Amino acid sequence: MRHLVDSMDLSIGEVEELFEIAERIMEKEDDYRNICKDKILGTLFYEPSTRTRFSFEAAMLKLGGQVIGFSEPGSSSVTKGESIADTIRTVGSYVDLIAMRHPKEGAPKHASHYSTVPIINAGDGGHQHPTQTLTDLLTIKETKGRISNLTIGLCGDLKFGRTVHSLIKAISRYENIRFVLISPKELKIPEYIRKEILIKKDIPFSEVETLEEVIDTLDILYMTRVQRERFFNEADYIRLKDSYILDREKLQSAKDDLAILHPLPRVNEISYEVDDDPRACYFKQVKFGMYIRMALIAKLLEVM
Ligand code: CP
């Protein structure tokens, strides 16, 4: 039995295999609409979500399976004080795999120690979001035709943005990747990512505070929202929330084949006027998220 807790839990070969499955499903979706018949996905969302929960649910339904779960722990026995271990042991008696989002870093890992079914980390606090990373990698592959030889700008809240942490870990394994880290100094990448991934693996990276000074060098621009829910102090959030706003004017100096990604939701960091730019990939990214989750479910349930 496999769990997906960290973006490094899958080898590059396994990620490639998921891409192949997702591409097969995208090509001929009808051929796969019953492969999860009689299987049930449990969705335990202790934190709000639109894309991750809906795409997991849509993915399972499109494969012919069923979904049960909660999007609000207040409607479950969590409010009576039930532990994660007991919730997981209970839900695992009813379902074939579990997608779990939790505000506490490490909660899905903890859950995996008690689970009799595969656990998928659907985002844990400011730590990791491995299925968003699979989504991001598939989007890059489909858009750029490669996941190598890329200069990737990561812009915004690099401190609390779990999608950034997962993506840096996973994409650092590909050839000739260089990062441009664009953030206010208060929201720089955590020290463990800098030391254990970037420095240890000798990945080229630079850190800057403005988007304008680097936008013309980028192949990928990965925008992120300032994560209000992770701030201890509202005044700091207000001060930093509009640090970066991507608009048409800023894009004038960007490459013609730049790919703009964003895990979403966005707040102000990408102007709506950018949505019509052919370089905007964030709504395609949303759709790839469903297909890669279909592939992941099929693989973890060993039906493909
Ligand atoms: N990208 C992402 O995790 O979005 P949601 O919070 O809406 O699931």
# chains A, B, ... in the order shown; residues from 1 in each chain; ligands from 1

$ select_by_dssp --residues "range 180-264 of chain A" --states "helix (DSSP H, G or I)" --output "number ranges by chain"
A: 185-187, 191-199, 215-217, 228-230, 234-240, 248-251

$ residues_around --residues "range 3-14 of chain A" --least-positions-apart "6" --cutoff "10 Å" --atoms "only C-alpha atoms" --output "JSON, numbers by chain"
{"A": [20, 97, 98, 99, 100, 106, 107, 108, 109, 110, 111, 112, 113, 115, 117, 118, 119, 120, 121, 122, 123, 124, 127, 128, 129, 130, 131, 132, 133, 134, 163, 165, 166, 167, 168, 169, 170, 171, 173, 174, 296, 299, 300]}

$ residues_near_ligand --ligand "ligand 1" --cutoff "10 Å" --atoms "only C-alpha atoms and all ligand atoms" --output "VMD selection string"
chain A and resid 45 47 to 56 101 122 to 123 129 to 133 135 to 136 162 to 163 224 262 to 266 285 to 286 289

$ residues_around --residues "Ile68 in chain A" --least-positions-apart "2" --cutoff "9 Å" --atoms "only C-alpha atoms" --output "PDB file with N, CA, C and O atoms, in the first residue's frame"
ATOM      1  N   ILE A  40     -14.564   3.547  -3.200  1.00  0.00           N
ATOM      2  CA  ILE A  40     -15.020   4.778  -2.536  1.00  0.00           C
ATOM      3  C   ILE A  40     -13.813   5.611  -2.091  1.00  0.00           C
ATOM      4  O   ILE A  40     -12.870   5.083  -1.496  1.00  0.00           O
ATOM      5  N   LEU A  41     -13.886   6.902  -2.414  1.00  0.00           N
ATOM      6  CA  LEU A  41     -12.886   7.862  -1.941  1.00  0.00           C
ATOM      7  C   LEU A  41     -13.456   8.596  -0.729  1.00  0.00           C
ATOM      8  O   LEU A  41     -14.599   9.056  -0.767  1.00  0.00           O
ATOM      9  N   GLY A  42     -12.658   8.696   0.334  1.00  0.00           N
ATOM     10  CA  GLY A  42     -13.044   9.502   1.497  1.00  0.00           C
ATOM     11  C   GLY A  42     -12.316  10.834   1.429  1.00  0.00           C
ATOM     12  O   GLY A  42     -11.094  10.866   1.241  1.00  0.00           O
ATOM     13  N   THR A  43     -13.053  11.939   1.539  1.00  0.00           N
ATOM     14  CA  THR A  43     -12.405  13.262   1.509  1.00  0.00           C
ATOM     15  C   THR A  43     -12.547  13.904   2.890  1.00  0.00           C
ATOM     16  O   THR A  43     -13.663  14.242   3.305  1.00  0.00           O
ATOM     17  N   LEU A  44     -11.431  14.022   3.589  1.00  0.00           N
ATOM     18  CA  LEU A  44     -11.448  14.608   4.930  1.00  0.00           C
ATOM     19  C   LEU A  44     -10.775  15.975   4.849  1.00  0.00           C
ATOM     20  O   LEU A  44      -9.546  16.070   4.842  1.00  0.00           O
ATOM     21  N   GLU A  57     -13.067  14.878  -6.084  1.00  0.00           N
ATOM     22  CA  GLU A  57     -14.404  14.287  -6.160  1.00  0.00           C
ATOM     23  C   GLU A  57     -14.804  14.034  -7.613  1.00  0.00           C
ATOM     24  O   GLU A  57     -15.292  12.950  -7.957  1.00  0.00           O
ATOM     25  N   GLN A  66     -17.286   6.287  -6.044  1.00  0.00           N
ATOM     26  CA  GLN A  66     -18.146   7.151  -5.231  1.00  0.00           C
ATOM     27  C   GLN A  66     -17.312   7.889  -4.196  1.00  0.00           C
ATOM     28  O   GLN A  66     -16.170   7.494  -3.921  1.00  0.00           O
ATOM     29  N   PHE A  70     -16.142  14.889   4.499  1.00  0.00           N
ATOM     30  CA  PHE A  70     -16.595  16.185   5.000  1.00  0.00           C
ATOM     31  C   PHE A  70     -15.712  17.307   4.463  1.00  0.00           C
ATOM     32  O   PHE A  70     -14.530  17.109   4.191  1.00  0.00           O
ATOM     33  N   VAL A  95     -13.913   3.184   3.307  1.00  0.00           N
ATOM     34  CA  VAL A  95     -13.481   3.675   1.985  1.00  0.00           C
ATOM     35  C   VAL A  95     -12.217   2.944   1.530  1.00  0.00           C
ATOM     36  O   VAL A  95     -11.577   2.234   2.314  1.00  0.00           O
TER      37      VAL A  95
END

$ closest_atom_pairs --of "range 96-190 of chain A" --to "range 229-240 of chain A" --cutoff "9 Å" --atoms "only C-alpha atoms" --output "JSON lines"
{"residue": "A:Gly125", "atom": "CA", "partner": "A:Arg230", "partner_atom": "CA", "distance": 7.9}
{"residue": "A:Gly126", "atom": "CA", "partner": "A:Arg230", "partner_atom": "CA", "distance": 7.3}
{"residue": "A:Phe160", "atom": "CA", "partner": "A:Arg230", "partner_atom": "CA", "distance": 6.7}
{"residue": "A:Pro184", "atom": "CA", "partner": "A:Leu240", "partner_atom": "CA", "distance": 7.7}
{"residue": "A:Glu186", "atom": "CA", "partner": "A:Leu240", "partner_atom": "CA", "distance": 8.6}
{"residue": "A:Leu187", "atom": "CA", "partner": "A:Leu240", "partner_atom": "CA", "distance": 8.8}

$ write_last_selection --atoms "all heavy atoms" --output "PDB file, in the first residue's frame"
ATOM      1  N   GLY A 125      -1.074  22.463   6.263  1.00  0.00           N
ATOM      2  CA  GLY A 125      -0.574  23.749   6.748  1.00  0.00           C
ATOM      3  C   GLY A 125       0.298  24.439   5.718  1.00  0.00           C
ATOM      4  O   GLY A 125      -0.001  24.448   4.526  1.00  0.00           O
ATOM      5  N   GLY A 126       1.414  24.994   6.167  1.00  0.00           N
ATOM      6  CA  GLY A 126       2.335  25.672   5.258  1.00  0.00           C
ATOM      7  C   GLY A 126       3.425  24.750   4.757  1.00  0.00           C
ATOM      8  O   GLY A 126       4.485  25.201   4.324  1.00  0.00           O
ATOM      9  N   PHE A 160       5.006  30.761   3.486  1.00  0.00           N
ATOM     10  CA  PHE A 160       3.882  29.919   3.900  1.00  0.00           C
ATOM     11  C   PHE A 160       3.274  29.131   2.739  1.00  0.00           C
ATOM     12  O   PHE A 160       2.415  28.278   2.966  1.00  0.00           O
ATOM     13  CB  PHE A 160       2.783  30.794   4.507  1.00  0.00           C
ATOM     14  CG  PHE A 160       3.198  31.503   5.773  1.00  0.00           C
ATOM     15  CD1 PHE A 160       3.229  32.890   5.844  1.00  0.00           C
ATOM     16  CD2 PHE A 160       3.546  30.781   6.907  1.00  0.00           C
ATOM     17  CE1 PHE A 160       3.603  33.546   7.006  1.00  0.00           C
ATOM     18  CE2 PHE A 160       3.916  31.428   8.078  1.00  0.00           C
ATOM     19  CZ  PHE A 160       3.951  32.812   8.131  1.00  0.00           C
ATOM     20  N   PRO A 184       8.910  39.498  -0.712  1.00  0.00           N
ATOM     21  CA  PRO A 184       9.380  40.463   0.278  1.00  0.00           C
ATOM     22  C   PRO A 184      10.284  39.725   1.268  1.00  0.00           C
ATOM     23  O   PRO A 184      10.151  38.497   1.414  1.00  0.00           O
ATOM     24  CB  PRO A 184       8.098  40.917   0.991  1.00  0.00           C
ATOM     25  CG  PRO A 184       6.960  40.285   0.287  1.00  0.00           C
ATOM     26  CD  PRO A 184       7.472  39.199  -0.585  1.00  0.00           C
ATOM     27  N   GLU A 186      10.220  39.410   4.356  1.00  0.00           N
ATOM     28  CA  GLU A 186       9.474  38.709   5.427  1.00  0.00           C
ATOM     29  C   GLU A 186       8.895  37.369   4.947  1.00  0.00           C
ATOM     30  O   GLU A 186       8.494  36.545   5.750  1.00  0.00           O
ATOM     31  CB  GLU A 186       8.295  39.555   5.919  1.00  0.00           C
ATOM     32  CG  GLU A 186       8.656  40.852   6.603  1.00  0.00           C
ATOM     33  CD  GLU A 186       8.728  42.022   5.627  1.00  0.00           C
ATOM     34  OE1 GLU A 186       8.980  41.796   4.422  1.00  0.00           O
ATOM     35  OE2 GLU A 186       8.549  43.161   6.091  1.00  0.00           O
ATOM     36  N   LEU A 187       8.788  37.195   3.617  1.00  0.00           N
ATOM     37  CA  LEU A 187       8.116  35.990   3.094  1.00  0.00           C
ATOM     38  C   LEU A 187       9.060  35.143   2.238  1.00  0.00           C
ATOM     39  O   LEU A 187       8.649  34.473   1.289  1.00  0.00           O
ATOM     40  CB  LEU A 187       6.880  36.399   2.281  1.00  0.00           C
ATOM     41  CG  LEU A 187       5.788  37.140   3.063  1.00  0.00           C
ATOM     42  CD1 LEU A 187       4.635  37.540   2.147  1.00  0.00           C
ATOM     43  CD2 LEU A 187       5.267  36.284   4.212  1.00  0.00           C
TER      44      LEU A 187
END

$ atom_distance --atom1 "CA of Ser148 in chain A" --atom2 "CA of Glu175 in chain A"
5.0 Å

$ atom_distance --atom1 "CA of Ala22 in chain A" --atom2 "CA of Ala295 in chain A"
5.2 Å

$ residues_around --residues "Phe19 in chain A" --least-positions-apart "3" --cutoff "8 Å" --atoms "only C-alpha atoms" --output "VMD selection string"
chain A and resid 15 to 16 22 to 23 138 292 295

$ closest_residue --among "A:Leu158, A:Leu181, A:Ile84, A:Cys281" --to "Glu213 in chain A" --atoms "only C-alpha atoms"
A:Leu181

$ select_by_dssp --residues "range 175-239 of chain A" --states "strand (DSSP E or B)" --output "PyMOL selection string"
chain A and resi 177-182+205-208+220-223

$ write_last_selection --atoms "N, CA, C and O atoms" --output "PDB file, in the first residue's frame"
ATOM      1  N   ILE A 177      17.483  23.153 -14.045  1.00  0.00           N
ATOM      2  CA  ILE A 177      16.430  24.019 -13.501  1.00  0.00           C
ATOM      3  C   ILE A 177      17.113  25.131 -12.711  1.00  0.00           C
ATOM      4  O   ILE A 177      18.034  24.860 -11.926  1.00  0.00           O
ATOM      5  N   ARG A 178      16.702  26.368 -12.931  1.00  0.00           N
ATOM      6  CA  ARG A 178      17.188  27.433 -12.052  1.00  0.00           C
ATOM      7  C   ARG A 178      15.983  28.223 -11.540  1.00  0.00           C
ATOM      8  O   ARG A 178      14.985  28.393 -12.250  1.00  0.00           O
ATOM      9  N   PHE A 179      16.086  28.628 -10.281  1.00  0.00           N
ATOM     10  CA  PHE A 179      14.963  29.328  -9.646  1.00  0.00           C
ATOM     11  C   PHE A 179      15.287  30.804  -9.438  1.00  0.00           C
ATOM     12  O   PHE A 179      16.423  31.146  -9.081  1.00  0.00           O
ATOM     13  N   VAL A 180      14.269  31.627  -9.657  1.00  0.00           N
ATOM     14  CA  VAL A 180      14.354  33.029  -9.256  1.00  0.00           C
ATOM     15  C   VAL A 180      13.258  33.208  -8.202  1.00  0.00           C
ATOM     16  O   VAL A 180      12.066  33.042  -8.499  1.00  0.00           O
ATOM     17  N   LEU A 181      13.677  33.477  -6.980  1.00  0.00           N
ATOM     18  CA  LEU A 181      12.735  33.546  -5.850  1.00  0.00           C
ATOM     19  C   LEU A 181      12.400  35.012  -5.595  1.00  0.00           C
ATOM     20  O   LEU A 181      13.279  35.804  -5.220  1.00  0.00           O
ATOM     21  N   ILE A 182      11.144  35.360  -5.812  1.00  0.00           N
ATOM     22  CA  ILE A 182      10.726  36.765  -5.770  1.00  0.00           C
ATOM     23  C   ILE A 182       9.762  36.936  -4.599  1.00  0.00           C
ATOM     24  O   ILE A 182       8.631  36.428  -4.637  1.00  0.00           O
ATOM     25  N   PHE A 205      20.042  29.403  -7.884  1.00  0.00           N
ATOM     26  CA  PHE A 205      18.886  30.221  -7.524  1.00  0.00           C
ATOM     27  C   PHE A 205      19.337  31.631  -7.151  1.00  0.00           C
ATOM     28  O   PHE A 205      20.481  31.832  -6.747  1.00  0.00           O
ATOM     29  N   SER A 206      18.414  32.578  -7.350  1.00  0.00           N
ATOM     30  CA  SER A 206      18.688  33.943  -6.891  1.00  0.00           C
ATOM     31  C   SER A 206      17.452  34.432  -6.157  1.00  0.00           C
ATOM     32  O   SER A 206      16.354  33.888  -6.341  1.00  0.00           O
ATOM     33  N   GLU A 207      17.633  35.432  -5.296  1.00  0.00           N
ATOM     34  CA  GLU A 207      16.511  35.974  -4.528  1.00  0.00           C
ATOM     35  C   GLU A 207      16.427  37.471  -4.779  1.00  0.00           C
ATOM     36  O   GLU A 207      17.437  38.187  -4.642  1.00  0.00           O
ATOM     37  N   VAL A 208      15.237  37.924  -5.186  1.00  0.00           N
ATOM     38  CA  VAL A 208      15.045  39.350  -5.454  1.00  0.00           C
ATOM     39  C   VAL A 208      13.722  39.788  -4.819  1.00  0.00           C
ATOM     40  O   VAL A 208      12.910  38.947  -4.415  1.00  0.00           O
ATOM     41  N   ILE A 220       8.946  30.240 -16.784  1.00  0.00           N
ATOM     42  CA  ILE A 220       7.722  29.978 -16.009  1.00  0.00           C
ATOM     43  C   ILE A 220       7.625  31.066 -14.946  1.00  0.00           C
ATOM     44  O   ILE A 220       8.618  31.363 -14.269  1.00  0.00           O
ATOM     45  N   LEU A 221       6.439  31.619 -14.780  1.00  0.00           N
ATOM     46  CA  LEU A 221       6.204  32.528 -13.644  1.00  0.00           C
ATOM     47  C   LEU A 221       5.098  31.903 -12.807  1.00  0.00           C
ATOM     48  O   LEU A 221       3.959  31.760 -13.273  1.00  0.00           O
ATOM     49  N   TYR A 222       5.465  31.498 -11.586  1.00  0.00           N
ATOM     50  CA  TYR A 222       4.524  30.826 -10.680  1.00  0.00           C
ATOM     51  C   TYR A 222       4.120  31.838  -9.608  1.00  0.00           C
ATOM     52  O   TYR A 222       4.884  32.121  -8.684  1.00  0.00           O
ATOM     53  N   MET A 223       2.937  32.426  -9.788  1.00  0.00           N
ATOM     54  CA  MET A 223       2.453  33.439  -8.842  1.00  0.00           C
ATOM     55  C   MET A 223       1.762  32.738  -7.664  1.00  0.00           C
ATOM     56  O   MET A 223       1.145  31.683  -7.834  1.00  0.00           O
TER      57      MET A 223
END

$ closest_residue --among "A:Leu251, A:Asp219, A:Ser83, A:Pro103" --to "Ile147 in chain A" --atoms "only C-alpha atoms"
A:Asp219

$ atom_distance --atom1 "CA of Leu218 in chain A" --atom2 "CA of Ile140 in chain A"
13.2 Å

$ residues_around --residues "Asn34 in chain A" --least-positions-apart "4" --cutoff "10 Å" --atoms "only C-alpha atoms" --output "VMD selection string"
chain A and resid 30 38 60 to 65

$ residues_around --residues "Asp275 in chain A" --least-positions-apart "3" --cutoff "12 Å" --atoms "only C-alpha atoms" --output "VMD selection string"
chain A and resid 246 to 248 251 260 to 262 266 270 to 272 278 to 284

$ decode --residues "range 115-126 of chain A" --atoms "all heavy atoms" --output "CSV table (one decimal), in the first residue's frame"
chain,number,residue,atom,x,y,z
A,115,SER,N,-3.4,4.3,9.1
A,115,SER,CA,-4.4,4.0,8.0
A,115,SER,C,-4.2,2.6,7.4
A,115,SER,O,-3.1,2.2,7.2
A,115,SER,CB,-4.3,5.1,6.9
A,115,SER,OG,-5.3,4.9,6.0
A,116,THR,N,-5.3,2.0,7.1
A,116,THR,CA,-5.3,0.7,6.4
A,116,THR,C,-5.5,0.9,4.9
A,116,THR,O,-5.6,0.0,4.1
A,116,THR,CB,-6.4,-0.2,7.0
A,116,THR,OG1,-7.6,0.5,6.9
A,116,THR,CG2,-6.1,-0.7,8.4
A,117,VAL,N,-5.8,2.2,4.5
A,117,VAL,CA,-6.0,2.5,3.1
A,117,VAL,C,-5.0,3.6,2.7
A,117,VAL,O,-4.5,4.4,3.6
A,117,VAL,CB,-7.4,2.9,2.8
A,117,VAL,CG1,-8.4,1.8,3.1
A,117,VAL,CG2,-7.8,4.2,3.5
A,118,PRO,N,-4.7,3.8,1.4
A,118,PRO,CA,-3.8,4.9,1.0
A,118,PRO,C,-4.3,6.3,1.5
A,118,PRO,O,-5.4,6.6,1.3
A,118,PRO,CB,-3.7,4.8,-0.5
A,118,PRO,CG,-4.1,3.4,-0.8
A,118,PRO,CD,-5.1,3.0,0.2
A,119,ILE,N,-3.3,7.1,2.0
A,119,ILE,CA,-3.6,8.5,2.4
A,119,ILE,C,-3.0,9.4,1.4
A,119,ILE,O,-1.8,9.2,1.0
A,119,ILE,CB,-3.0,8.8,3.8
A,119,ILE,CG1,-3.6,8.0,4.9
A,119,ILE,CG2,-3.1,10.3,4.1
A,119,ILE,CD1,-5.0,8.4,5.3
A,120,ILE,N,-3.7,10.3,0.9
A,120,ILE,CA,-3.2,11.4,0.0
A,120,ILE,C,-3.2,12.7,0.7
A,120,ILE,O,-4.3,13.1,1.2
A,120,ILE,CB,-4.0,11.5,-1.3
A,120,ILE,CG1,-4.1,10.1,-2.0
A,120,ILE,CG2,-3.4,12.5,-2.2
A,120,ILE,CD1,-5.1,10.1,-3.2
A,121,ASN,N,-2.1,13.3,0.8
A,121,ASN,CA,-2.0,14.6,1.4
A,121,ASN,C,-2.6,15.7,0.5
A,121,ASN,O,-2.0,15.9,-0.6
A,121,ASN,CB,-0.5,14.9,1.8
A,121,ASN,CG,-0.3,16.3,2.4
A,121,ASN,OD1,-1.3,17.0,2.6
A,121,ASN,ND2,0.9,16.7,2.7
A,122,ALA,N,-3.7,16.3,0.9
A,122,ALA,CA,-4.3,17.3,0.0
A,122,ALA,C,-3.9,18.7,0.5
A,122,ALA,O,-4.6,19.7,0.2
A,122,ALA,CB,-5.8,17.1,0.0
A,123,GLY,N,-2.8,18.8,1.2
A,123,GLY,CA,-2.3,20.1,1.7
A,123,GLY,C,-2.3,20.0,3.2
A,123,GLY,O,-3.3,19.8,3.9
A,124,ASP,N,-1.1,20.2,3.8
A,124,ASP,CA,-1.0,20.3,5.3
A,124,ASP,C,-0.3,21.6,5.7
A,124,ASP,O,0.9,21.8,5.5
A,124,ASP,CB,-0.2,19.0,5.8
A,124,ASP,CG,1.2,18.8,5.4
A,124,ASP,OD1,1.5,19.2,4.2
A,124,ASP,OD2,2.0,18.3,6.1
A,125,GLY,N,-1.1,22.5,6.3
A,125,GLY,CA,-0.6,23.7,6.7
A,125,GLY,C,0.3,24.4,5.7
A,125,GLY,O,0.0,24.4,4.5
A,126,GLY,N,1.4,25.0,6.2
A,126,GLY,CA,2.3,25.7,5.3
A,126,GLY,C,3.4,24.7,4.8
A,126,GLY,O,4.5,25.2,4.3
